[in-house]
Amino acid sequence: MTEPIRSICIGIVGNDPQLESILQIIANKELISIFPEIKVRGIASAMGPFAQELIIELGAHIYPNCPKMLRAHPEINTLLVIENNAELLTTLRREVPPSVSIIDPRVVAFLGEFIIQERFCPSCKTDLFAAQSMLRTVLDAVTDDILLIDTKRNILDVNKNVCTRLGQPREHFIGQPSWTAWGREAVSWEGEKELDPFVRALKTGKKSEGVHSQINAQGNLQYYRIYVYPITDDHGTITSFLEMQRDISDRTHMEKQLQQSEKMAALGELATYIAHEIRNPLVSIGGFAGSLLKTDSLPATILHKVQIIRDEAKRLDDILRGILNFAKPATQTKNTVNANLVVEETMQLMGMGCDKQGVKLTMHLASDIPHVQGQAEAIKQCLINVVKNGIESMDKGGALTIRTFFADPFVHVEVTDTGTGISKRNMEQIFNPFFSTKEEGSGLGLAMTKKIIEDMGGTVTLASRKGKGTRVELLLRSKKQKK
């Protein structure tokens, strides 16, 4: 059980012009509200007259000397000596009981000055509170994530955007590592610690920034730019950091799409050169090899080698044709296509591959979707590429789900597998031509799919989590938008 606070019963001793000022300080209402246990019982001083209002307000009495005051008020346990008189102080220490504390003039002067200064604090606190409120309003209005962290990367404060995005109060983040406010585990900088802007800012004492990518809970690849600003004291020592995170996913995807378009343009020029300089002699090689195979006089060993030459020439021609079709596809007639019918026909063809791989196929085709604009065979080829990748990612079996639905202005054909998923590093390159994780893959399947769908006015999205599976959506523009 907590003991009650013991009252401090004060007696004031000595003659000093500052006595009335000291009484005014003690009678201050703010001081009384903060320290209600302080009571002035007596004043032992030959000076006067005093402000009678203060004496009455304090409930004190005036005495000619200290002994009379102590006899009249045995409850006094503290003496404030205001007169700078060494002899008086020595006498009091000799005659006053040990149970009574004696505060000498130097300490009394210090306390008086301290209390006077404290009286100015309310206005200072008001100004400080106003400044803090304004800063908090500004930071909370920013839609980026902003953290105040210490030199060990622990959170000192966060802005409202962090709390809203993660659904947690500000107190939840205080003292936690900074990456908890990003909504994920420790940020990886691909094993290169020097890329971490916090490490650079801590080392150099200057502003630093870096771009970090991650796959979110939905399997989408996101990009963030992280800024770190060191905060120093008057001596230039770093005391904390302001760390800001900005989602630059949309801008980065647009930049990558522009880069992809530039690559396609360069690939188109290369394909034209190949068509003129390589394909014609390649056809000749294949043709002559075919003619030699019809010669009866050639030994079997020679015929076998000629057969290899013809087969390899054909394989090269198939690769070349794929490159040419990818770089400069034939102009597609945009017909009215029933997306559900294309899905059904495609899966009749790919169904055997699912059974062979031990993959369970499920289809949910919405009946109320509009027709789409495009070419049925081209859409079918794109769907085959996507489904084939999904089946191959489930070498130990799994589930493949195909779903169609309409979200104006696109009809979505969604293919979801429970395969191995795609790593973050590969996600950044998955639509690049000639990029493949397969030993015998050409790396043109998804790149060609994306180009074909975009040429028809649609788009392709991909979401994946390593070890969880992949979801690819073909967004086909509807022929007639739903009213």
# chains A, B, ... in the order shown; residues from 1 in each chain; ligands from 1
$ residues_around --residues "stretch 11-21 of chain A" --least-positions-apart "2" --cutoff "9 Å" --atoms "only C-alpha atoms" --output "PyMOL selection string"
chain A and resi 9+23-26+39-47+50-51+54+60+65-66+69-70+73+76-85+88+112
$ atom_distance --atom1 "atom CA of A:Thr461" --atom2 "atom CA of A:Leu195"
29.0 Å
$ closest_residue --among "A:Gly390, A:Pro67, A:Pro177, A:Pro169" --to "A:Gln357" --atoms "only C-alpha atoms"
A:Gly390
$ select_by_dssp --residues "stretch 147-384 of chain A" --states "strand (DSSP E)" --output "number ranges by chain"
A: 147-149, 155-158, 208-215, 221-232, 238-247, 335-337, 359-365, 372-374
$ residues_around --residues "A:Asn161" --least-positions-apart "6" --cutoff "9 Å" --atoms "only C-alpha atoms" --output "list in words"
Leu139, Asp140, Ala141, Val142, Thr143, Asp144, Asp145 and Ile146 of chain A
$ write_last_selection --atoms "N, CA and C atoms" --output "tab-separated table (two decimals), in the first residue's frame"
chain	number	residue	atom	x	y	z
A	139	LEU	N	3.28	15.89	-41.60
A	139	LEU	CA	3.75	14.51	-41.84
A	139	LEU	C	2.58	13.57	-42.10
A	140	ASP	N	1.49	13.76	-41.36
A	140	ASP	CA	0.33	12.88	-41.53
A	140	ASP	C	-0.38	13.13	-42.86
A	141	ALA	N	-0.21	14.31	-43.42
A	141	ALA	CA	-0.84	14.62	-44.70
A	141	ALA	C	-0.07	14.01	-45.88
A	142	VAL	N	1.20	13.63	-45.64
A	142	VAL	CA	2.01	13.02	-46.70
A	142	VAL	C	1.55	11.58	-46.91
A	143	THR	N	1.35	11.20	-48.16
A	143	THR	CA	0.84	9.85	-48.47
A	143	THR	C	1.95	8.82	-48.53
A	144	ASP	N	3.22	9.24	-48.40
A	144	ASP	CA	4.33	8.29	-48.31
A	144	ASP	C	4.49	7.83	-46.86
A	145	ASP	N	5.17	6.70	-46.67
A	145	ASP	CA	5.48	6.24	-45.32
A	145	ASP	C	6.68	7.04	-44.79
A	146	ILE	N	6.56	7.60	-43.59
A	146	ILE	CA	7.65	8.36	-42.98
A	146	ILE	C	7.91	7.82	-41.58
$ residues_around --residues "A:Lys466" --least-positions-apart "4" --cutoff "12 Å" --atoms "only C-alpha atoms" --output "number ranges by chain"
A: 214-221, 393, 418-427, 470-471
$ closest_residue --among "A:Asp250, A:Asp196, A:Asp417, A:Glu255" --to "A:Tyr227" --atoms "only C-alpha atoms"
A:Asp196
$ residues_around --residues "A:Thr449" --least-positions-apart "4" --cutoff "7 Å" --atoms "only C-alpha atoms" --output "list in words"
Cys382, Gly445 and Ile453 of chain A
$ select_by_dssp --residues "stretch 38-117 of chain A" --states "alpha helix (DSSP H)" --output "PyMOL selection string"
chain A and resi 52-58+66-72+86-95+105-117
$ closest_residue --among "A:Pro409, A:Ile285, A:Lys68, A:Ala86" --to "A:Arg106" --atoms "only C-alpha atoms"
A:Ala86
$ atom_distance --atom1 "atom CA of A:Thr239" --atom2 "atom CA of A:Ile149"
9.2 Å
$ atom_distance --atom1 "atom CA of A:Lys380" --atom2 "atom CA of A:Phe406"
18.4 Å
$ closest_residue --among "A:Leu298, A:Ile62, A:Thr336, A:Gly287" --to "A:Lys314" --atoms "only C-alpha atoms"
A:Gly287
$ closest_residue --among "A:Asp368, A:Asp318, A:Asp455, A:Asp311" --to "A:Leu475" --atoms "only C-alpha atoms"
A:Asp455
$ closest_residue --among "A:Met244, A:Gly457, A:Arg170, A:Thr151" --to "A:Gly205" --atoms "only C-alpha atoms"
A:Thr151
